[in-house]
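Here is the structure we will look at, set down as structure tokens.
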Amino acid sequence: MKEFVVLVTATQIAHICGAHDSARDLLRRSEAKRLELDGNLCPMLLVRASHYRNALALLIDVDKHTGNDAALIVDADSFFSQHFDAGYGCFRSVSGEFAAS
């Protein structure tokens with residue numbers, strides 16, 4: 001779990017610094033780590049939100065979405081839409097963002 005959190009944070013830092021290729025690599029590593037997590041473990045909401053926001057920010061401008069990237073975009077959009085619908089109004093600006101672009 002700690003490695004996932006570290007990778008999510010490193011992805012954010014790389015993205016903020018403008019190192020988009022490195023950030024995308026870190027994003028893919030963090031998604032792989034998330035998928036490896038024990039099914040009984042669920043990262044904290046804000047960590048998952050950061051991960052999925054990273055995905056939308058870093059993959060939305062990529063020309064081709066295939067395989068894991070396409071699935072990650074769908075998961076990210078679904079995460080924000082479901083949580084917004086459940087009352088998490090703070091996700092309003094991100095909910096449906098990819099579908100609208």
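In the structure tokens, each chain is lettered A, B, ... as it comes, each chain's residues begin at 1, and ligands are numbered from 1 in order of appearance.
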
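By chain and then residue number, the residues within 8 Å of Ala23 (chain A) are A:Ala10, A:Thr11, A:Gln12, A:Ile13, A:Ala14, A:His15, A:Leu58, counting only C-alpha atoms and disregarding those fewer than 6 positions away in sequence.
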
Print the selection's residues with C-alpha atoms to a file, as a compact mmCIF listing (two decimals), in the first residue's frame.
```
# COMPACT_ATOMS: atom_id res chain seq x y z
CA ALA A 10 5.72 10.95 -7.31
CA THR A 11 3.39 11.05 -10.32
CA GLN A 12 1.85 14.29 -9.09
CA ILE A 13 5.24 15.87 -8.50
CA ALA A 14 6.52 14.86 -11.95
CA HIS A 15 3.36 16.22 -13.57
CA LEU A 58 -1.83 12.84 -18.08
```

Can you tell me, as an mmCIF file with C-alpha atoms, in the first residue's frame, which residues in chain A count as alpha helix (DSSP H) by DSSP?
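Result saved to out-v9.cif:
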```
data_model
loop_
_atom_site.group_PDB
_atom_site.id
_atom_site.type_symbol
_atom_site.label_atom_id
_atom_site.label_comp_id
_atom_site.auth_asym_id
_atom_site.auth_seq_id
_atom_site.Cartn_x
_atom_site.Cartn_y
_atom_site.Cartn_z
ATOM 1 C CA LYS A 2 2.810 2.415 0.879
ATOM 2 C CA GLU A 3 4.445 1.919 -2.503
ATOM 3 C CA PHE A 4 1.166 2.827 -4.234
ATOM 4 C CA VAL A 5 0.882 6.034 -2.198
ATOM 5 C CA VAL A 6 4.506 6.951 -2.939
ATOM 6 C CA LEU A 7 4.024 6.326 -6.665
ATOM 7 C CA VAL A 8 0.842 8.433 -6.750
ATOM 8 C CA THR A 9 2.685 11.281 -5.032
ATOM 9 C CA ALA A 10 5.717 10.952 -7.311
ATOM 10 C CA THR A 11 3.385 11.045 -10.323
ATOM 11 C CA GLN A 12 1.846 14.290 -9.089
ATOM 12 C CA ILE A 13 5.239 15.867 -8.504
ATOM 13 C CA ALA A 14 6.523 14.862 -11.949
ATOM 14 C CA HIS A 15 3.359 16.217 -13.568
ATOM 15 C CA ILE A 16 3.558 19.530 -11.703
ATOM 16 C CA HIS A 20 5.006 14.454 -18.460
ATOM 17 C CA ASP A 21 6.736 11.399 -19.928
ATOM 18 C CA SER A 22 8.137 10.491 -16.508
ATOM 19 C CA ALA A 23 4.785 11.230 -14.908
ATOM 20 C CA ARG A 24 3.000 8.893 -17.356
ATOM 21 C CA ASP A 25 5.523 6.151 -16.585
ATOM 22 C CA LEU A 26 4.975 6.654 -12.854
ATOM 23 C CA LEU A 27 1.209 6.691 -13.407
ATOM 24 C CA ARG A 28 1.355 3.332 -15.169
ATOM 25 C CA ARG A 29 3.539 1.939 -12.384
ATOM 26 C CA SER A 30 1.114 3.224 -9.742
ATOM 27 C CA GLU A 31 -1.832 1.659 -11.599
ATOM 28 C CA ALA A 32 0.001 -1.666 -11.776
ATOM 29 C CA LYS A 33 0.687 -1.433 -8.050
ATOM 30 C CA ARG A 34 -2.981 -0.580 -7.358
ATOM 31 C CA LEU A 35 -4.079 -3.629 -9.311
ATOM 32 C CA GLU A 36 -1.695 -5.799 -7.242
ATOM 33 C CA LEU A 45 -10.285 8.179 -0.823
ATOM 34 C CA LEU A 46 -7.976 11.149 -1.421
ATOM 35 C CA VAL A 47 -5.142 8.891 -2.575
ATOM 36 C CA ARG A 48 -7.473 7.196 -5.060
ATOM 37 C CA ALA A 49 -8.778 10.599 -6.155
ATOM 38 C CA SER A 50 -5.217 11.825 -6.713
ATOM 39 C CA HIS A 51 -4.378 8.704 -8.707
ATOM 40 C CA TYR A 52 -7.420 9.029 -10.933
ATOM 41 C CA ARG A 53 -6.944 12.775 -11.349
ATOM 42 C CA ASN A 54 -3.363 12.084 -12.419
ATOM 43 C CA ALA A 55 -4.726 9.630 -14.987
ATOM 44 C CA LEU A 56 -7.150 12.127 -16.475
ATOM 45 C CA ALA A 57 -4.589 14.927 -16.508
ATOM 46 C CA LEU A 58 -1.827 12.841 -18.081
ATOM 47 C CA LEU A 59 -3.748 10.640 -20.483
ATOM 48 C CA GLY A 67 -5.203 -1.418 -23.233
ATOM 49 C CA ASN A 68 -4.465 -0.416 -19.676
ATOM 50 C CA ASP A 69 -4.536 3.328 -20.404
ATOM 51 C CA ALA A 70 -8.046 3.094 -21.861
ATOM 52 C CA ALA A 71 -9.232 1.045 -18.888
ATOM 53 C CA LEU A 72 -7.643 3.503 -16.470
ATOM 54 C CA ILE A 73 -9.440 6.442 -18.099
ATOM 55 C CA VAL A 74 -12.765 4.613 -17.837
ATOM 56 C CA ASP A 75 -12.050 3.729 -14.196
ATOM 57 C CA ALA A 76 -11.065 7.326 -13.402
ATOM 58 C CA ASP A 77 -14.150 8.817 -15.007
ATOM 59 C CA SER A 78 -16.339 6.243 -13.266
ATOM 60 C CA PHE A 79 -14.681 6.915 -9.888
ATOM 61 C CA PHE A 80 -15.393 10.642 -10.033
ATOM 62 C CA SER A 81 -18.911 10.250 -11.441
ATOM 63 C CA GLN A 82 -19.903 7.671 -8.824
ATOM 64 C CA HIS A 83 -18.512 9.697 -5.949
ATOM 65 C CA PHE A 84 -20.062 12.928 -7.205
ATOM 66 C CA ASP A 85 -23.425 11.151 -7.522
ATOM 67 C CA GLU A 97 -14.332 15.538 -17.420
ATOM 68 C CA PHE A 98 -13.003 13.049 -19.943
ATOM 69 C CA ALA A 99 -16.372 12.475 -21.568
ATOM 70 C CA ALA A 100 -16.799 16.243 -21.967
#
```

Requested in this report: Work out how far CA of Tyr88 (chain A) is from CA of Pro43 (chain A), in Å to one decimal.
Outcome: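 Computed distance, CA of Pro43 (chain A) to CA of Tyr88 (chain A), equals 17.0 Å.
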
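Straight-line separation from CA of Asn40 (chain A) to CA of Met1 (chain A): 11.5 Å.
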